[in-house]
>>> print(open('data_18.cif').read())   # mmCIF, C-alpha atoms
data_target
#
loop_
_atom_site.label_atom_id
_atom_site.label_comp_id
_atom_site.auth_asym_id
_atom_site.auth_seq_id
_atom_site.Cartn_x
_atom_site.Cartn_y
_atom_site.Cartn_z
CA MET E 1 122.67 78.62 95.69
CA LYS E 2 119.75 76.21 95.98
CA GLU E 3 116.76 76.93 93.75
CA PHE E 4 114.42 77.83 96.63
CA ASN E 5 117.02 80.14 98.20
CA LYS E 6 117.22 81.89 94.82
CA VAL E 7 113.42 82.24 94.72
CA LEU E 8 113.48 83.88 98.17
CA LEU E 9 116.29 86.27 97.19
CA LEU E 10 114.54 87.20 93.95
CA THR E 11 111.31 87.73 95.88
CA SER E 12 113.00 90.18 98.21
CA VAL E 13 114.90 92.01 95.46
CA CYS E 14 111.83 92.31 93.26
CA CYS E 15 109.70 93.56 96.15
CA MET E 16 112.45 96.07 96.96
CA ALA E 17 112.40 97.43 93.40
CA CYS E 18 108.74 97.00 92.47
CA ASP E 19 107.73 100.54 93.47
CA GLY E 20 110.47 102.07 91.31
CA GLU E 21 112.60 103.04 94.32
CA ILE E 22 115.09 101.31 96.57
CA ALA E 23 115.03 102.43 100.19
CA GLN E 24 117.99 101.96 102.51
CA GLU E 25 115.74 100.11 104.96
CA GLU E 26 114.93 97.53 102.28
CA VAL E 27 118.61 97.00 101.54
CA ASP E 28 119.38 96.66 105.24
CA LEU E 29 116.58 94.10 105.66
CA ILE E 30 117.83 91.97 102.76
CA LYS E 31 121.37 92.05 104.13
CA MET E 32 120.11 91.08 107.59
CA MET E 33 118.03 88.21 106.18
CA ALA E 34 121.14 87.00 104.33
CA ARG E 35 123.70 87.41 107.09
CA LYS E 36 121.77 86.66 110.28
CA LYS E 37 119.04 84.31 109.09
CA HIS E 38 120.99 82.76 106.16
CA LEU E 39 117.69 82.85 104.30
CA PHE E 40 119.30 82.91 100.87
CA GLY E 41 121.88 80.21 101.49
CA ASP E 42 125.63 80.69 101.43
CA ILE E 43 126.07 83.78 99.26
CA GLU E 44 128.01 87.03 99.23
CA ILE E 45 124.96 89.27 99.57
CA ASP E 46 126.68 92.52 98.54
CA LYS E 47 127.94 90.91 95.33
CA GLU E 48 124.56 89.26 94.62
CA LEU E 49 122.68 92.54 95.15
CA ASP E 50 125.01 94.36 92.77
CA ILE E 51 124.50 91.66 90.13
CA LEU E 52 120.72 91.55 90.52
CA VAL E 53 120.21 95.32 90.56
CA ASN E 54 122.45 95.64 87.50
CA GLU E 55 120.15 93.12 85.82
CA ILE E 56 117.12 95.19 86.83
CA ASN E 57 118.79 98.30 85.41
CA ILE E 58 119.38 96.49 82.11
CA LYS E 59 116.11 94.53 81.81
CA GLY E 60 113.66 96.78 83.68
CA LYS E 61 110.18 95.29 83.98
CA SER E 62 111.32 92.16 82.18
CA PHE E 63 113.37 91.23 85.25
CA LEU E 64 110.24 91.28 87.41
CA LYS E 65 108.34 89.25 84.81
CA GLU E 66 111.15 86.67 84.69
CA TYR E 67 110.94 86.33 88.47
CA LEU E 68 107.19 85.78 88.28
CA ASN E 69 107.75 83.07 85.65
CA ILE E 70 110.31 81.37 87.91
CA LEU E 71 107.84 81.54 90.79
CA ALA E 72 105.02 80.11 88.68
CA GLU E 73 107.16 77.26 87.37
CA ASN E 74 108.33 76.09 90.80
CA ASN E 75 106.25 73.50 92.59
CA LEU E 76 106.55 74.93 96.08
CA THR E 77 105.16 73.36 99.23
CA GLU E 78 102.74 75.29 101.43
CA GLU E 79 105.58 76.08 103.85
CA GLU E 80 107.76 77.39 101.01
CA GLU E 81 104.91 79.52 99.68
CA LEU E 82 104.43 80.95 103.17
CA GLN E 83 108.15 81.82 103.24
CA VAL E 84 107.79 83.61 99.90
CA VAL E 85 104.83 85.58 101.26
CA ASP E 86 106.69 86.40 104.48
CA VAL E 87 109.81 87.63 102.65
CA ALA E 88 107.67 89.69 100.26
CA VAL E 89 105.67 91.33 103.06
CA GLN E 90 108.75 92.03 105.19
CA THR E 91 110.48 93.68 102.23
CA ILE E 92 107.45 95.74 101.26
CA ARG E 93 106.99 96.94 104.84
CA ALA E 94 110.71 97.58 105.50
CA ASP E 95 110.64 101.30 104.66
CA ASN E 96 107.34 101.94 106.50
CA CYS E 97 105.87 103.30 103.28
CA ILE E 98 103.56 100.87 101.52
CA LYS E 99 102.64 102.03 98.03
CA TYR E 100 99.77 100.84 95.89
CA SER E 101 102.27 99.53 93.32
CA GLU E 102 103.77 97.27 96.01
CA ILE E 103 100.36 95.87 96.94
CA MET E 104 99.62 95.30 93.25
CA PHE E 105 102.93 93.48 92.78
CA PHE E 106 102.25 91.38 95.87
CA LYS E 107 98.87 90.40 94.40
CA VAL E 108 100.64 89.25 91.24
CA ILE E 109 103.03 87.20 93.39
CA ARG E 110 100.04 85.76 95.28
CA SER E 111 98.37 84.73 92.02
CA ASN E 112 101.42 82.53 91.28
CA LEU E 113 101.19 80.63 94.57
CA LYS E 114 99.15 77.49 94.05
CA VAL E 115 99.00 75.74 97.42
CA VAL E 116 98.64 78.11 100.37
CA SER E 117 95.20 79.55 101.11
CA ASP E 118 94.40 83.19 101.82
CA GLU E 119 93.16 82.16 105.27
CA THR E 120 96.49 80.50 106.10
CA ILE E 121 98.40 83.57 104.89
CA LEU E 122 96.31 85.88 107.06
CA GLU E 123 96.70 83.58 110.04
CA LYS E 124 100.44 82.89 109.83
CA ILE E 125 102.09 85.98 108.33
CA ASP E 126 102.72 89.01 110.52
CA GLY E 127 102.08 92.41 109.03
CA ILE E 128 99.64 91.29 106.36
CA ASP E 129 95.99 92.19 106.09
CA GLU E 130 93.09 91.81 103.67
CA ASN E 131 94.44 94.61 101.44
CA TYR E 132 97.28 92.36 100.32
CA ILE E 133 95.07 89.52 99.17
CA ALA E 134 91.68 91.02 98.37
CA GLN E 135 90.99 90.98 94.65
CA ASP E 136 90.61 94.46 93.20
CA ILE E 137 87.13 95.39 92.10
CA CYS E 138 86.52 94.23 88.54
CA ASN E 139 90.06 92.86 88.23
CA ASP E 140 91.03 89.27 87.79
CA ASN E 141 94.64 88.14 88.20
CA LEU E 142 95.55 88.81 84.56
CA GLN E 143 94.11 92.32 84.74
CA THR E 144 96.03 92.94 87.98
CA TYR E 145 99.23 91.76 86.27
CA ASP E 146 98.62 94.02 83.27
CA GLU E 147 97.63 96.97 85.44
CA TYR E 148 100.76 96.67 87.57
CA PHE E 149 103.16 96.41 84.63
CA ASN E 150 101.42 99.20 82.71
CA SER E 151 101.61 101.56 85.68
CA ILE E 152 105.13 101.09 87.03
CA GLU E 153 108.35 102.62 85.75
CA LEU E 154 111.67 101.28 86.95
CA MET E 155 114.49 103.78 86.96
CA ASN E 156 118.18 103.01 86.87
CA PHE E 157 119.04 102.28 90.47
CA ASP E 158 122.18 103.71 92.07
CA LEU E 159 124.31 100.79 93.27
CA SER E 160 126.06 102.89 95.92
CA ILE E 161 123.07 102.36 98.24
CA PHE E 162 124.31 98.80 98.78
CA ASN E 163 127.52 100.11 100.30
CA LYS E 164 125.83 102.13 103.05
CA ASN E 165 124.56 101.12 106.46
CA ALA E 166 121.25 102.02 108.12
CA THR E 167 122.46 105.54 108.99
CA GLY E 168 123.38 106.24 105.36
CA THR E 169 127.11 106.34 105.94
CA ASP E 170 129.51 104.41 103.74
CA ILE E 171 130.70 101.01 104.90
#
>>> encode(input="data_18.cif", output="structure tokens")
Amino acid sequence: MKEFNKVLLLTSVCCMACDGEIAQEEVDLIKMMARKKHLFGDIEIDKELDILVNEINIKGKSFLKEYLNILAENNLTEEEELQVVDVAVQTIRADNCIKYSEIMFFKVIRSNLKVVSDETILEKIDGIDENYIAQDICNDNLQTYDEYFNSIELMNFDLSIFNKNATGTDI
């Protein structure tokens, strides 16, 4: 898997888990992005999801922090940063239930993107509004990071959700 494909997959998986729950709609979206759009390169998405969610179950918040470090260390182009934003927003919106913890996590992702402007994000990404990028009152990026990680609890996720389709039946 190419490094940028890995960044996109990790973005989606982390945004799926960042509210402490995994919704079937989020799983279905990730599988669709892998199979129909080939967004994550040539991978076996079911196997990759099992591996990554097992890692989340073992590492908890540290998994999300490792992803953010990977994101910060990559020198992405503006187009790549826009893809990261798009994948993040699509995943957050997949279950039609946007939680404050997801917006906070998105803001932490945004703070690690160095090239793309807020104006470009608002102009080019569907489904995003000012709430995703507006700085919280009295919070800088480090405070937002700390607030998110101090407020979220990641449970052990049930891997059987990855073997179901959109109707919840086994595949």
>>> resolve_selection(input="data_18.cif", expression="the PyMOL selection byres ((chain E and resi 162) around 9)", output="count of residues only")
13
>>> residues_around(input="data_18.cif", residues="Glu21 in chain E", least_positions_apart="2", cutoff="8 Å", atoms="only C-alpha atoms", output="list of chain:residue names")
E:Met16, E:Ala17, E:Cys18, E:Asp19, E:Ala23, E:Leu154, E:Met155, E:Phe157
>>> atom_distance(input="data_18.cif", atom1="CA of Glu73 in chain E", atom2="CA of Glu48 in chain E")
22.3 Å
>>> residues_around(input="data_18.cif", residues="Glu119 in chain E", least_positions_apart="5", cutoff="12 Å", atoms="all atoms listed in the file", output="list in words")
Leu82, Lys124, Ile125, Ile128, Asp129, Glu130, Ile133 and Ala134 of chain E
>>> closest_residue(input="data_18.cif", among="E:Phe105, E:Phe63, E:Tyr148, E:Tyr132", to="Cys15 in chain E", atoms="all atoms listed in the file")
E:Phe105
>>> atom_distance(input="data_18.cif", atom1="CA of Asn69 in chain E", atom2="CA of Ile109 in chain E")
10.0 Å
